[in-house]
Amino acid sequence: MRQGTGEIYGVSVSHSNASVDDLEAIAIDSQRAAVESLLAAPAVEEALVLQTCNRVEAYVVAPDGGSDALSRFTDAASADAPVEMGHEESLRHLMRVAAGLESIVLGEDQILGQVRDAYEDARSVGGIGDVLEDGVMKAVHVGERARTETAINEGVVSLASAAVRLAAGEADLEGETGLVVGAGEMGTQAATALAERVDRLLVANRTVPHAEHVATTAEVEASAVALDAVEAAAEEAAVVVSATGSPDYVFDAADLADSGETFVVDIAQPRDVPPAADDLSDVTVRDLDDLETITEETRNRRRRAAERVEAMIDEEFDHLLAQYKRKRADRVISAMYESAEQVKATELRTALSKLDLDDEQQEVVESMADAIVSQLLAAPTRSLRDAAEEDDWSTINTALQLFDPDFGPDGDDVDGPAAVAQADSVEEIPEAVRDQVPAAVLEQLGDD
């Protein structure tokens, strides 16, 4: 796992700020490939990409914000579609996404699994380091708490069930045949929901055995057909719910021209049904943008639960920031002690080589050296932890520079850790080093 040193920066293109056309324009074929592309950008240390039917988001860890990499990721969308996020905003947004607060269907369950999948895809290609690890795992934890401790997922819990409710509200499905195109998770959910509304169900998929499996789970007469038979299947169906992962249109407008009166809900991203199909006189096409209306009823019922989830996010967000701060301070403290131990070991070897001491006397000298190091570093250790809690990154970064083994202005030979460790007073610290020494160290030397 990579050890990230930067902060998280993100960009989101979603249903709340972009059109279906924008989502289609930046849709990716593979989350893994997209992560690899982001990692190839200069200074990007970690990366995560999340794509669902109504959002495409990218997160990077980089010292400079990774703005170039994120801009290239969304350059195919219209200018006002991408929403850029800094470190804290990205962390909070990820929690909201995993909890279902950013979904079209408030509190829907599917997004939590999609966040987990995005994490696994990124990890498989080396995109997850210690920064994103903490952030994504906290988001997943919040998503789990939201669904077990509140009623945020009661009622309509997926886009597929919302699509079927939309169809049932606008078309008479009783006694009719329904067609579900796609046998993935969304298609399976659509088949389950549609089976409760129609008398017969057809499931079309490129891989017929997958369609057969979905058909066997439906509590209604159901059969599977191949994707190339979708035109004939559409002629039999009064309602079609299409939810494939195809990068191209599954239907042509001509496929639906002879199907008679048909209600189509396209919840795929990219779209399965071309816009021209909606111009057919007997065909009604609804897409993701239209689901906002059918989900509003559920959204109203869940608002009280959402308020509890918001409070939960505030609590977990504070815990996460404190966790990041502790880790950042601990990393600096570790480097500080490592540098001090190197100086101590060097000076002990030099001193012991000049003295004729027995084993017991050597142990006394070594114990004294350990005590000196511990006492000298106790105050700066407290100061660094206080600085982390107070978001004083200037002190943290100064300490990182000071205790970097290659530390030295303009590449000179001034050894920062050694100069401080060997000094008996502030005046003995070289001026090139003194300005970068934490105040707590200077105070300690002044007291001595």
# chains A, B, ... in the order shown; residues from 1 in each chain; ligands from 1
$ select_by_dssp --residues "range 36-218 of chain A" --states "strand (DSSP E)" --output "list in words"
Glu46, Ala47, Leu48, Val49, Leu50, Gln51, Thr52, Arg55, Val56, Glu57, Ala58, Tyr59, Val60, Val61, Ala62, Val83, Glu84, Met85, Thr177, Gly178, Leu179, Val180, Val181, Arg200, Leu201, Leu202, Val203, Ala204 and Asn205 of chain A
$ atom_distance --atom1 "CA of Ile26 in chain A" --atom2 "CA of Ser78 in chain A"
10.0 Å
$ residues_around --residues "Ala118 in chain A" --least-positions-apart "5" --cutoff "7 Å" --atoms "only C-alpha atoms" --output "PDB file with N, CA and C atoms, in the first residue's frame"
ATOM      1  N   GLN A  31     -13.294   1.154 -14.380  1.00  0.00           N
ATOM      2  CA  GLN A  31     -12.813   1.938 -13.236  1.00  0.00           C
ATOM      3  C   GLN A  31     -11.318   1.704 -13.018  1.00  0.00           C
ATOM      4  N   LEU A  48      -8.863   6.989  -7.001  1.00  0.00           N
ATOM      5  CA  LEU A  48     -10.093   6.192  -6.921  1.00  0.00           C
ATOM      6  C   LEU A  48     -11.081   6.748  -7.926  1.00  0.00           C
ATOM      7  N   VAL A  49     -11.781   5.866  -8.632  1.00  0.00           N
ATOM      8  CA  VAL A  49     -12.818   6.292  -9.577  1.00  0.00           C
ATOM      9  C   VAL A  49     -14.096   5.534  -9.258  1.00  0.00           C
ATOM     10  N   LEU A  50     -15.195   6.262  -9.182  1.00  0.00           N
ATOM     11  CA  LEU A  50     -16.508   5.681  -8.900  1.00  0.00           C
ATOM     12  C   LEU A  50     -17.461   6.045 -10.029  1.00  0.00           C
TER      13      LEU A  50
END
$ closest_residue --among "A:Val250, A:Leu70, A:Gln269, A:Pro380" --to "Asp29 in chain A" --atoms "only C-alpha atoms"
A:Gln269
$ atom_distance --atom1 "CA of Asp199 in chain A" --atom2 "CA of Glu221 in chain A"
6.9 Å
$ closest_residue --among "A:Gly245, A:Gly182, A:Gly143, A:Gly135" --to "Ala215 in chain A" --atoms "only C-alpha atoms"
A:Gly182
$ closest_residue --among "A:Ser37, A:Ser281, A:Ser383, A:Asn205" --to "Phe263 in chain A" --atoms "only C-alpha atoms"
A:Ser281
$ closest_residue --among "A:Leu280, A:Val97, A:Ala226, A:Ala58" --to "Ile28 in chain A" --atoms "only C-alpha atoms"
A:Ala58
$ select_by_dssp --residues "range 254-339 of chain A" --states "helix (DSSP H, G or I)" --output "JSON, numbers by chain"
{"A": [254, 255, 256, 257, 275, 276, 277, 278, 279, 288, 289, 290, 291, 292, 293, 294, 295, 296, 297, 298, 299, 300, 301, 302, 303, 304, 305, 306, 307, 308, 309, 310, 311, 312, 313, 314, 315, 316, 317, 318, 319, 320, 321, 322, 323, 324, 325, 326, 327, 328, 329, 330, 331, 332, 333, 334, 335, 336, 337, 338, 339]}
$ residues_around --residues "Leu38 in chain A" --least-positions-apart "5" --cutoff "12 Å" --atoms "only C-alpha atoms" --output "ChimeraX atom specification"
/A:10,31-33,43-49,58-62,66-74,122,125-127
$ residues_around --residues "Asp258 in chain A" --least-positions-apart "5" --cutoff "9 Å" --atoms "only C-alpha atoms" --output "PyMOL selection string"
chain A and resi 231+234-235+282
$ residues_around --residues "Leu321 in chain A" --least-positions-apart "2" --cutoff "10 Å" --atoms "only C-alpha atoms" --output "PyMOL selection string"
chain A and resi 88+91+134-135+316-319+323-327+388-389+391
